[in-house]
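Undergrad: Contents are compact mmCIF, N, CA and C atoms; file name start30.txt:
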```txt
# COMPACT_ATOMS: atom_id res chain seq x y z
N MET A 20 1.73 5.02 -6.74
CA MET A 20 2.27 5.34 -8.04
C MET A 20 3.66 4.72 -8.17
N ASN A 21 3.94 4.27 -9.37
CA ASN A 21 5.22 3.64 -9.69
C ASN A 21 5.80 4.34 -10.92
N VAL A 22 7.10 4.60 -10.92
CA VAL A 22 7.80 5.13 -12.09
C VAL A 22 8.80 4.07 -12.50
N ARG A 23 8.80 3.74 -13.79
CA ARG A 23 9.65 2.66 -14.29
C ARG A 23 10.01 2.93 -15.75
N PRO A 24 11.03 2.23 -16.27
CA PRO A 24 11.34 2.37 -17.70
C PRO A 24 10.15 1.92 -18.55
N VAL A 25 9.95 2.58 -19.66
CA VAL A 25 8.87 2.25 -20.58
C VAL A 25 9.11 0.85 -21.16
N ASN A 26 8.02 0.17 -21.52
CA ASN A 26 8.14 -1.13 -22.20
C ASN A 26 7.08 -1.21 -23.29
N GLY A 27 7.11 -2.27 -24.06
CA GLY A 27 6.22 -2.43 -25.20
C GLY A 27 4.74 -2.38 -24.85
N GLU A 28 4.39 -2.81 -23.66
CA GLU A 28 2.99 -2.77 -23.25
C GLU A 28 2.47 -1.35 -23.06
N ASP A 29 3.39 -0.39 -22.94
CA ASP A 29 3.02 1.01 -22.73
C ASP A 29 2.83 1.76 -24.05
N ARG A 30 3.08 1.10 -25.18
CA ARG A 30 3.13 1.79 -26.47
C ARG A 30 1.91 2.67 -26.73
N ASP A 31 0.72 2.13 -26.62
CA ASP A 31 -0.48 2.89 -26.98
C ASP A 31 -0.70 4.09 -26.04
N ALA A 32 -0.48 3.89 -24.75
CA ALA A 32 -0.64 5.00 -23.80
C ALA A 32 0.42 6.06 -24.05
N TRP A 33 1.65 5.62 -24.31
CA TRP A 33 2.74 6.55 -24.59
C TRP A 33 2.43 7.35 -25.85
N LEU A 34 1.95 6.68 -26.89
CA LEU A 34 1.62 7.36 -28.13
C LEU A 34 0.48 8.36 -27.91
N ARG A 35 -0.53 7.98 -27.19
CA ARG A 35 -1.65 8.88 -26.91
C ARG A 35 -1.17 10.14 -26.19
N MET A 36 -0.28 9.98 -25.21
CA MET A 36 0.22 11.13 -24.46
C MET A 36 1.15 12.00 -25.31
N ARG A 37 1.97 11.37 -26.17
CA ARG A 37 2.84 12.14 -27.06
C ARG A 37 1.98 12.97 -28.01
N ALA A 38 0.90 12.38 -28.51
CA ALA A 38 0.01 13.11 -29.42
C ALA A 38 -0.66 14.28 -28.69
N ALA A 39 -0.97 14.12 -27.42
CA ALA A 39 -1.55 15.21 -26.64
C ALA A 39 -0.52 16.32 -26.41
N LEU A 40 0.73 15.94 -26.22
CA LEU A 40 1.79 16.92 -25.99
C LEU A 40 2.14 17.67 -27.28
N TRP A 41 2.16 16.95 -28.40
CA TRP A 41 2.53 17.54 -29.69
C TRP A 41 1.41 17.32 -30.71
N PRO A 42 0.27 17.99 -30.55
CA PRO A 42 -0.86 17.75 -31.45
C PRO A 42 -0.60 18.13 -32.90
N GLU A 43 0.38 18.98 -33.15
CA GLU A 43 0.69 19.40 -34.52
C GLU A 43 1.57 18.39 -35.26
N GLU A 44 2.10 17.42 -34.54
CA GLU A 44 2.99 16.42 -35.15
C GLU A 44 2.18 15.28 -35.78
N SER A 45 2.78 14.65 -36.75
CA SER A 45 2.16 13.51 -37.41
C SER A 45 2.10 12.32 -36.45
N GLY A 46 0.92 11.74 -36.31
CA GLY A 46 0.78 10.56 -35.47
C GLY A 46 1.66 9.42 -35.93
N GLU A 47 1.84 9.31 -37.24
CA GLU A 47 2.69 8.26 -37.79
C GLU A 47 4.15 8.46 -37.38
N GLU A 48 4.62 9.69 -37.43
CA GLU A 48 6.01 9.96 -37.02
C GLU A 48 6.19 9.72 -35.53
N LEU A 49 5.23 10.14 -34.72
CA LEU A 49 5.31 9.90 -33.28
C LEU A 49 5.36 8.40 -33.00
N ALA A 50 4.55 7.64 -33.70
CA ALA A 50 4.52 6.18 -33.52
C ALA A 50 5.83 5.55 -34.00
N ASP A 51 6.36 6.03 -35.12
CA ASP A 51 7.63 5.48 -35.64
C ASP A 51 8.76 5.67 -34.65
N GLU A 52 8.81 6.84 -34.01
CA GLU A 52 9.86 7.10 -33.01
C GLU A 52 9.72 6.14 -31.83
N ILE A 53 8.49 5.91 -31.39
CA ILE A 53 8.25 4.97 -30.29
C ILE A 53 8.69 3.57 -30.70
N ASP A 54 8.25 3.13 -31.87
CA ASP A 54 8.56 1.77 -32.32
C ASP A 54 10.06 1.57 -32.46
N HIS A 55 10.75 2.58 -32.98
CA HIS A 55 12.20 2.47 -33.12
C HIS A 55 12.86 2.34 -31.74
N PHE A 56 12.43 3.17 -30.79
CA PHE A 56 13.01 3.10 -29.45
C PHE A 56 12.75 1.73 -28.81
N LEU A 57 11.53 1.23 -28.93
CA LEU A 57 11.20 -0.06 -28.31
C LEU A 57 11.97 -1.21 -28.93
N LYS A 58 12.24 -1.14 -30.24
CA LYS A 58 12.97 -2.22 -30.92
C LYS A 58 14.48 -2.08 -30.80
N HIS A 59 14.97 -0.85 -30.78
CA HIS A 59 16.41 -0.58 -30.80
C HIS A 59 16.77 0.53 -29.82
N PRO A 60 16.59 0.30 -28.52
CA PRO A 60 16.80 1.41 -27.57
C PRO A 60 18.21 1.98 -27.58
N THR A 61 19.22 1.20 -27.91
CA THR A 61 20.57 1.74 -27.88
C THR A 61 20.92 2.52 -29.14
N SER A 62 20.14 2.38 -30.21
CA SER A 62 20.43 3.15 -31.42
C SER A 62 19.38 4.23 -31.68
N SER A 63 18.51 4.44 -30.74
CA SER A 63 17.46 5.43 -30.88
C SER A 63 17.99 6.81 -30.55
N THR A 64 17.31 7.86 -31.07
CA THR A 64 17.68 9.22 -30.68
C THR A 64 17.32 9.47 -29.21
N LEU A 65 16.35 8.72 -28.70
CA LEU A 65 16.02 8.82 -27.28
C LEU A 65 17.02 7.98 -26.50
N SER A 66 17.40 8.46 -25.34
CA SER A 66 18.35 7.72 -24.51
C SER A 66 17.67 6.95 -23.40
N ALA A 67 16.59 7.49 -22.86
CA ALA A 67 15.84 6.82 -21.79
C ALA A 67 14.42 7.37 -21.78
N VAL A 68 13.48 6.50 -21.43
CA VAL A 68 12.08 6.91 -21.31
C VAL A 68 11.52 6.22 -20.07
N PHE A 69 10.83 7.00 -19.26
CA PHE A 69 10.18 6.47 -18.06
C PHE A 69 8.70 6.81 -18.11
N VAL A 70 7.90 5.92 -17.54
CA VAL A 70 6.46 6.17 -17.41
C VAL A 70 6.08 6.08 -15.94
N SER A 71 5.01 6.77 -15.61
CA SER A 71 4.42 6.64 -14.28
C SER A 71 3.14 5.83 -14.45
N GLU A 72 2.85 5.02 -13.46
CA GLU A 72 1.61 4.26 -13.52
C GLU A 72 0.93 4.27 -12.17
N HIS A 73 -0.39 4.30 -12.22
CA HIS A 73 -1.23 4.23 -11.04
C HIS A 73 -1.19 2.81 -10.51
N ALA A 74 -1.61 2.62 -9.29
CA ALA A 74 -1.58 1.30 -8.66
C ALA A 74 -2.29 0.24 -9.49
N GLU A 75 -3.32 0.61 -10.25
CA GLU A 75 -4.03 -0.36 -11.08
C GLU A 75 -3.39 -0.55 -12.44
N GLY A 76 -2.23 0.05 -12.68
CA GLY A 76 -1.51 -0.14 -13.93
C GLY A 76 -1.78 0.90 -15.00
N GLN A 77 -2.63 1.89 -14.73
CA GLN A 77 -2.91 2.94 -15.70
C GLN A 77 -1.69 3.85 -15.84
N VAL A 78 -1.20 4.04 -17.07
CA VAL A 78 -0.07 4.93 -17.32
C VAL A 78 -0.58 6.37 -17.23
N THR A 79 0.07 7.17 -16.39
CA THR A 79 -0.40 8.52 -16.09
C THR A 79 0.53 9.62 -16.59
N GLY A 80 1.73 9.27 -17.05
CA GLY A 80 2.67 10.28 -17.53
C GLY A 80 3.91 9.63 -18.09
N PHE A 81 4.76 10.45 -18.70
CA PHE A 81 6.04 9.96 -19.23
C PHE A 81 7.06 11.08 -19.27
N ILE A 82 8.33 10.67 -19.36
CA ILE A 82 9.43 11.62 -19.54
C ILE A 82 10.44 10.97 -20.47
N GLU A 83 10.94 11.75 -21.44
CA GLU A 83 11.91 11.26 -22.41
C GLU A 83 13.20 12.05 -22.29
N LEU A 84 14.31 11.34 -22.32
CA LEU A 84 15.63 11.98 -22.27
C LEU A 84 16.40 11.67 -23.55
N PHE A 85 17.18 12.63 -23.97
CA PHE A 85 18.06 12.51 -25.12
C PHE A 85 19.39 13.12 -24.74
N LEU A 86 20.48 12.52 -25.16
CA LEU A 86 21.79 13.11 -24.90
C LEU A 86 22.10 14.13 -25.99
N ARG A 87 22.29 15.37 -25.58
CA ARG A 87 22.61 16.44 -26.51
C ARG A 87 24.08 16.81 -26.38
N ASN A 88 24.71 17.10 -27.52
CA ASN A 88 26.09 17.56 -27.50
C ASN A 88 26.19 18.97 -26.94
N TYR A 89 25.10 19.73 -27.05
CA TYR A 89 25.09 21.10 -26.54
C TYR A 89 23.75 21.38 -25.88
N ALA A 90 23.79 21.97 -24.73
CA ALA A 90 22.60 22.45 -24.05
C ALA A 90 22.95 23.78 -23.40
N GLU A 91 22.13 24.78 -23.62
CA GLU A 91 22.39 26.11 -23.08
C GLU A 91 22.67 26.04 -21.58
N GLY A 92 23.76 26.69 -21.17
CA GLY A 92 24.11 26.76 -19.75
C GLY A 92 24.81 25.54 -19.20
N CYS A 93 25.04 24.52 -20.03
CA CYS A 93 25.67 23.28 -19.56
C CYS A 93 27.03 23.06 -20.21
N VAL A 94 27.80 22.17 -19.64
CA VAL A 94 29.13 21.86 -20.16
C VAL A 94 29.14 20.44 -20.71
N GLY A 95 29.51 20.29 -21.97
CA GLY A 95 29.65 18.97 -22.58
C GLY A 95 28.32 18.30 -22.88
N VAL A 96 28.41 17.02 -23.19
CA VAL A 96 27.22 16.22 -23.48
C VAL A 96 26.32 16.23 -22.24
N THR A 97 25.03 16.47 -22.46
CA THR A 97 24.10 16.65 -21.35
C THR A 97 22.79 15.92 -21.62
N PRO A 98 22.29 15.17 -20.64
CA PRO A 98 20.94 14.62 -20.79
C PRO A 98 19.93 15.76 -20.85
N TYR A 99 19.01 15.66 -21.79
CA TYR A 99 18.06 16.74 -22.05
C TYR A 99 16.64 16.17 -22.00
N ILE A 100 15.78 16.84 -21.27
CA ILE A 100 14.38 16.43 -21.20
C ILE A 100 13.72 16.88 -22.50
N GLU A 101 13.44 15.93 -23.37
CA GLU A 101 12.79 16.24 -24.65
C GLU A 101 11.28 16.27 -24.51
N ALA A 102 10.76 15.53 -23.56
CA ALA A 102 9.31 15.49 -23.34
C ALA A 102 9.04 15.16 -21.89
N TRP A 103 8.04 15.85 -21.32
CA TRP A 103 7.63 15.62 -19.93
C TRP A 103 6.14 15.90 -19.89
N PHE A 104 5.37 14.86 -19.67
CA PHE A 104 3.92 14.99 -19.76
C PHE A 104 3.25 14.19 -18.67
N VAL A 105 2.25 14.80 -18.06
CA VAL A 105 1.40 14.13 -17.07
C VAL A 105 -0.04 14.33 -17.51
N GLU A 106 -0.81 13.26 -17.51
CA GLU A 106 -2.24 13.35 -17.86
C GLU A 106 -2.88 14.43 -16.99
N PRO A 107 -3.73 15.29 -17.58
CA PRO A 107 -4.32 16.39 -16.82
C PRO A 107 -4.97 15.97 -15.50
N ALA A 108 -5.64 14.84 -15.47
CA ALA A 108 -6.31 14.39 -14.24
C ALA A 108 -5.32 14.03 -13.14
N TRP A 109 -4.05 13.83 -13.48
CA TRP A 109 -3.04 13.42 -12.50
C TRP A 109 -2.08 14.54 -12.12
N ARG A 110 -2.25 15.71 -12.69
CA ARG A 110 -1.36 16.84 -12.38
C ARG A 110 -1.61 17.33 -10.96
N GLY A 111 -0.54 17.82 -10.34
CA GLY A 111 -0.64 18.33 -8.98
C GLY A 111 -0.61 17.25 -7.91
N ARG A 112 -0.27 16.03 -8.30
CA ARG A 112 -0.23 14.91 -7.35
C ARG A 112 1.17 14.32 -7.18
N GLY A 113 2.19 15.02 -7.69
CA GLY A 113 3.56 14.54 -7.54
C GLY A 113 4.04 13.63 -8.64
N VAL A 114 3.20 13.40 -9.66
CA VAL A 114 3.58 12.50 -10.76
C VAL A 114 4.75 13.11 -11.55
N GLY A 115 4.63 14.38 -11.92
CA GLY A 115 5.69 15.03 -12.68
C GLY A 115 7.00 15.04 -11.93
N LYS A 116 6.95 15.31 -10.64
CA LYS A 116 8.17 15.31 -9.83
C LYS A 116 8.79 13.92 -9.79
N ALA A 117 7.97 12.89 -9.64
CA ALA A 117 8.50 11.52 -9.61
C ALA A 117 9.15 11.15 -10.94
N LEU A 118 8.54 11.57 -12.04
CA LEU A 118 9.14 11.32 -13.35
C LEU A 118 10.49 12.04 -13.47
N MET A 119 10.53 13.30 -13.01
CA MET A 119 11.77 14.06 -13.08
C MET A 119 12.84 13.42 -12.20
N GLU A 120 12.46 12.91 -11.05
CA GLU A 120 13.43 12.23 -10.18
C GLU A 120 14.00 10.99 -10.86
N ALA A 121 13.20 10.27 -11.64
CA ALA A 121 13.70 9.12 -12.40
C ALA A 121 14.72 9.58 -13.43
N ALA A 122 14.43 10.70 -14.11
CA ALA A 122 15.37 11.25 -15.10
C ALA A 122 16.67 11.69 -14.43
N GLU A 123 16.56 12.30 -13.26
CA GLU A 123 17.75 12.73 -12.52
C GLU A 123 18.58 11.53 -12.10
N SER A 124 17.93 10.50 -11.59
CA SER A 124 18.66 9.30 -11.16
C SER A 124 19.35 8.63 -12.33
N TRP A 125 18.65 8.50 -13.45
CA TRP A 125 19.26 7.89 -14.65
C TRP A 125 20.48 8.69 -15.06
N SER A 126 20.36 10.01 -15.08
CA SER A 126 21.46 10.88 -15.49
C SER A 126 22.65 10.74 -14.55
N ALA A 127 22.41 10.81 -13.26
CA ALA A 127 23.49 10.68 -12.28
C ALA A 127 24.14 9.30 -12.36
N ASN A 128 23.34 8.26 -12.52
CA ASN A 128 23.87 6.90 -12.61
C ASN A 128 24.71 6.67 -13.86
N HIS A 129 24.52 7.52 -14.87
CA HIS A 129 25.31 7.43 -16.10
C HIS A 129 26.47 8.44 -16.09
N GLY A 130 26.76 9.02 -14.94
CA GLY A 130 27.93 9.86 -14.77
C GLY A 130 27.75 11.32 -15.13
N PHE A 131 26.53 11.76 -15.35
CA PHE A 131 26.30 13.17 -15.71
C PHE A 131 26.09 14.00 -14.46
N ARG A 132 26.50 15.27 -14.55
CA ARG A 132 26.37 16.18 -13.42
C ARG A 132 25.34 17.27 -13.64
N GLU A 133 24.74 17.29 -14.83
CA GLU A 133 23.73 18.29 -15.16
C GLU A 133 22.60 17.63 -15.93
N LEU A 134 21.45 18.26 -15.88
CA LEU A 134 20.27 17.86 -16.63
C LEU A 134 19.65 19.13 -17.18
N ALA A 135 19.27 19.13 -18.45
CA ALA A 135 18.72 20.34 -19.07
C ALA A 135 17.33 20.07 -19.62
N SER A 136 16.60 21.16 -19.84
CA SER A 136 15.24 21.07 -20.36
C SER A 136 14.86 22.41 -20.95
N ASP A 137 13.71 22.47 -21.59
CA ASP A 137 13.19 23.74 -22.07
C ASP A 137 11.68 23.69 -22.05
N THR A 138 11.08 24.83 -22.28
CA THR A 138 9.64 24.93 -22.43
C THR A 138 9.33 26.19 -23.22
N GLU A 139 8.13 26.29 -23.71
CA GLU A 139 7.70 27.47 -24.46
C GLU A 139 7.66 28.68 -23.53
N LEU A 140 7.94 29.86 -24.08
CA LEU A 140 7.94 31.08 -23.27
C LEU A 140 6.60 31.33 -22.60
N GLU A 141 5.50 30.97 -23.26
CA GLU A 141 4.18 31.24 -22.69
C GLU A 141 3.67 30.12 -21.78
N ASN A 142 4.42 29.04 -21.64
CA ASN A 142 3.96 27.91 -20.82
C ASN A 142 4.39 28.11 -19.36
N GLU A 143 3.66 28.98 -18.68
CA GLU A 143 3.97 29.30 -17.29
C GLU A 143 3.88 28.09 -16.37
N ALA A 144 2.92 27.20 -16.61
CA ALA A 144 2.76 26.02 -15.76
C ALA A 144 4.01 25.14 -15.83
N SER A 145 4.54 24.96 -17.02
CA SER A 145 5.75 24.15 -17.17
C SER A 145 6.95 24.85 -16.53
N GLN A 146 7.03 26.16 -16.68
CA GLN A 146 8.13 26.89 -16.05
C GLN A 146 8.08 26.73 -14.54
N GLN A 147 6.89 26.83 -13.97
CA GLN A 147 6.74 26.65 -12.53
C GLN A 147 7.10 25.22 -12.11
N ALA A 148 6.69 24.24 -12.90
CA ALA A 148 7.01 22.85 -12.59
C ALA A 148 8.52 22.62 -12.62
N HIS A 149 9.20 23.20 -13.61
CA HIS A 149 10.67 23.07 -13.67
C HIS A 149 11.32 23.70 -12.43
N ARG A 150 10.88 24.89 -12.08
CA ARG A 150 11.45 25.55 -10.89
C ARG A 150 11.18 24.72 -9.63
N ALA A 151 9.99 24.16 -9.52
CA ALA A 151 9.65 23.33 -8.36
C ALA A 151 10.54 22.10 -8.27
N CYS A 152 11.06 21.66 -9.41
CA CYS A 152 11.96 20.50 -9.43
C CYS A 152 13.43 20.90 -9.30
N GLY A 153 13.69 22.19 -9.08
CA GLY A 153 15.05 22.64 -8.83
C GLY A 153 15.81 23.15 -10.03
N PHE A 154 15.16 23.32 -11.17
CA PHE A 154 15.84 23.86 -12.34
C PHE A 154 16.03 25.36 -12.19
N ASP A 155 17.15 25.86 -12.73
CA ASP A 155 17.42 27.29 -12.81
C ASP A 155 17.28 27.72 -14.26
N GLU A 156 16.62 28.83 -14.49
CA GLU A 156 16.53 29.36 -15.85
C GLU A 156 17.89 29.93 -16.23
N VAL A 157 18.39 29.56 -17.43
CA VAL A 157 19.71 30.03 -17.86
C VAL A 157 19.66 30.93 -19.08
N GLU A 158 18.56 30.89 -19.85
CA GLU A 158 18.53 31.68 -21.07
C GLU A 158 17.11 31.72 -21.63
N ARG A 159 16.78 32.81 -22.31
CA ARG A 159 15.55 32.91 -23.09
C ARG A 159 15.95 33.24 -24.51
N ILE A 160 15.29 32.57 -25.47
CA ILE A 160 15.64 32.83 -26.86
C ILE A 160 14.37 32.98 -27.69
N VAL A 161 14.55 33.65 -28.81
CA VAL A 161 13.52 33.75 -29.83
C VAL A 161 14.11 33.08 -31.06
N ILE A 162 13.41 32.14 -31.62
CA ILE A 162 13.92 31.38 -32.77
C ILE A 162 13.23 31.89 -34.03
N PHE A 163 14.02 32.11 -35.07
CA PHE A 163 13.51 32.64 -36.32
C PHE A 163 13.56 31.58 -37.41
N ARG A 164 12.74 31.79 -38.44
CA ARG A 164 12.70 30.92 -39.61
C ARG A 164 12.44 31.78 -40.83
N LYS A 165 13.06 31.43 -41.94
CA LYS A 165 12.81 32.12 -43.18
C LYS A 165 12.65 31.07 -44.29
N ALA A 166 11.52 31.07 -44.93
CA ALA A 166 11.29 30.15 -46.05
C ALA A 166 12.08 30.63 -47.25
N LEU A 167 12.68 29.69 -47.97
CA LEU A 167 13.45 30.05 -49.18
C LEU A 167 12.78 29.50 -50.42
```
Show me this structure written as structure tokens.
TA:
Amino acid sequence: MNVRPVNGEDRDAWLRMRAALWPEESGEELADEIDHFLKHPTSSTLSAVFVSEHAEGQVTGFIELFLRNYAEGCVGVTPYIEAWFVEPAWRGRGVGKALMEAAESWSANHGFRELASDTELENEASQQAHRACGFDEVERIVIFRKAL
């Protein structure tokens, strides 16, 4: 397995995995975000994206980072894991950990001392994966919305 920065050849696999991660999102919007990042990585809302690939070149997962001005439990601008996905057939094989290690290395190499992430309250598998990668839980929140 190899983990490397995403490139244009990964577009379709990356889009397919993003759609699996966020099935309620518009495929067009997910594709637009990818296309913008690939064309203008320094002006994109995403700061870094890495993919994992099998020895035969099959993309098996991805991780996206964004620099946030605020992240719960952190000080100052912090790299934030906006997306972390491993194809179901590749879970439990160290792919997620390797992707997280790439995110950690990128963050440290850019002078950051913290990395933040979140997951849904009911997503126990993701919570366990975060803990296995050394994350500490810092807060639980309930988010409200009111239509006007």
Undergrad: Go through range 23-94 of chain A and flag each residue having an atom no more than 7 Å from range 117-134 of chain A; for those, report the closest pair of atoms plus their distance in Å to one decimal, using only N, CA and C atoms, ordered by chain and rising number, as a Markdown table.
TA:
```
| residue | atom | partner | partner_atom | distance |
| --- | --- | --- | --- | --- |
| A:Phe69 | C | A:Leu118 | CA | 6.6 |
| A:Val70 | C | A:Leu118 | CA | 6.6 |
| A:Ser71 | N | A:Leu118 | CA | 6.5 |
| A:Phe81 | C | A:Leu118 | CA | 6.3 |
| A:Ile82 | N | A:Leu118 | CA | 6.1 |
| A:Cys93 | CA | A:Glu133 | CA | 6.9 |
```
Undergrad: Tell me which of A:Ser66, A:Asn21, A:Gln77, A:Thr138 sits closest to Trp103 in chain A, counting only C-alpha atoms.
TA: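 Ranking A:Ser66, A:Asn21, A:Gln77, A:Thr138 by distance to Trp103 in chain A, first place goes to A:Thr138.
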Undergrad: Kindly give the distance, in Å, that separates atom N of Phe104 in chain A and CA of Gly80 in chain A, rounded to a single decimal.
TA: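 A separation of 5.7 Å between them.
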Undergrad: So how many Å separate CA of Asp155 in chain A and atom C of Pro107 in chain A, to one decimal?
TA: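 Between CA of Asp155 in chain A and atom C of Pro107 in chain A the gap works out to 25.2 Å.
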Undergrad: One decimal, in Å: what's the spacing between atom C of Tyr99 in chain A and CA of Glu75 in chain A?
TA: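 Taking atom C of Tyr99 in chain A and CA of Glu75 in chain A, their separation equals 28.6 Å.
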Undergrad: Just want the 8 Å neighbourhood of range 41-58 of chain A, counted on all atoms listed in the file, with same-chain residues fewer than 5 positions away dropped. Output as a PyMOL selection string.
TA: chain A and resi 25-27+30+33-36+63-65
Undergrad: How would range 34-50 of chain A read, as a compact mmCIF listing (two decimals), in the coordinates of the input, once N, CA, C and O atoms are built in?
TA:
```txt
# COMPACT_ATOMS: atom_id res chain seq x y z
N LEU A 34 1.95 6.68 -26.89
CA LEU A 34 1.62 7.36 -28.13
C LEU A 34 0.48 8.36 -27.91
O LEU A 34 0.54 9.50 -28.40
N ARG A 35 -0.53 7.98 -27.19
CA ARG A 35 -1.65 8.88 -26.91
C ARG A 35 -1.17 10.14 -26.19
O ARG A 35 -1.57 11.26 -26.52
N MET A 36 -0.28 9.98 -25.21
CA MET A 36 0.22 11.13 -24.46
C MET A 36 1.15 12.00 -25.31
O MET A 36 1.11 13.22 -25.22
N ARG A 37 1.97 11.37 -26.17
CA ARG A 37 2.84 12.14 -27.06
C ARG A 37 1.98 12.97 -28.01
O ARG A 37 2.30 14.13 -28.30
N ALA A 38 0.90 12.38 -28.51
CA ALA A 38 0.01 13.11 -29.42
C ALA A 38 -0.66 14.28 -28.69
O ALA A 38 -0.89 15.34 -29.30
N ALA A 39 -0.97 14.12 -27.42
CA ALA A 39 -1.55 15.21 -26.64
C ALA A 39 -0.52 16.32 -26.41
O ALA A 39 -0.86 17.51 -26.43
N LEU A 40 0.73 15.94 -26.22
CA LEU A 40 1.79 16.92 -25.99
C LEU A 40 2.14 17.67 -27.28
O LEU A 40 2.38 18.88 -27.25
N TRP A 41 2.16 16.95 -28.40
CA TRP A 41 2.53 17.54 -29.69
C TRP A 41 1.41 17.32 -30.71
O TRP A 41 1.56 16.57 -31.67
N PRO A 42 0.27 17.99 -30.55
CA PRO A 42 -0.86 17.75 -31.45
C PRO A 42 -0.60 18.13 -32.90
O PRO A 42 -1.27 17.63 -33.80
N GLU A 43 0.38 18.98 -33.15
CA GLU A 43 0.69 19.40 -34.52
C GLU A 43 1.57 18.39 -35.26
O GLU A 43 1.74 18.48 -36.46
N GLU A 44 2.10 17.42 -34.54
CA GLU A 44 2.99 16.42 -35.15
C GLU A 44 2.18 15.28 -35.78
O GLU A 44 1.08 14.98 -35.35
N SER A 45 2.78 14.65 -36.75
CA SER A 45 2.16 13.51 -37.41
C SER A 45 2.10 12.32 -36.45
O SER A 45 3.12 11.94 -35.86
N GLY A 46 0.92 11.74 -36.31
CA GLY A 46 0.78 10.56 -35.47
C GLY A 46 1.66 9.42 -35.93
O GLY A 46 2.19 8.66 -35.13
N GLU A 47 1.84 9.31 -37.24
CA GLU A 47 2.69 8.26 -37.79
C GLU A 47 4.15 8.46 -37.38
O GLU A 47 4.83 7.51 -37.00
N GLU A 48 4.62 9.69 -37.43
CA GLU A 48 6.01 9.96 -37.02
C GLU A 48 6.19 9.72 -35.53
O GLU A 48 7.22 9.16 -35.10
N LEU A 49 5.23 10.14 -34.72
CA LEU A 49 5.31 9.90 -33.28
C LEU A 49 5.36 8.40 -33.00
O LEU A 49 6.13 7.95 -32.15
N ALA A 50 4.55 7.64 -33.70
CA ALA A 50 4.52 6.18 -33.52
C ALA A 50 5.83 5.55 -34.00
O ALA A 50 6.36 4.63 -33.35
```
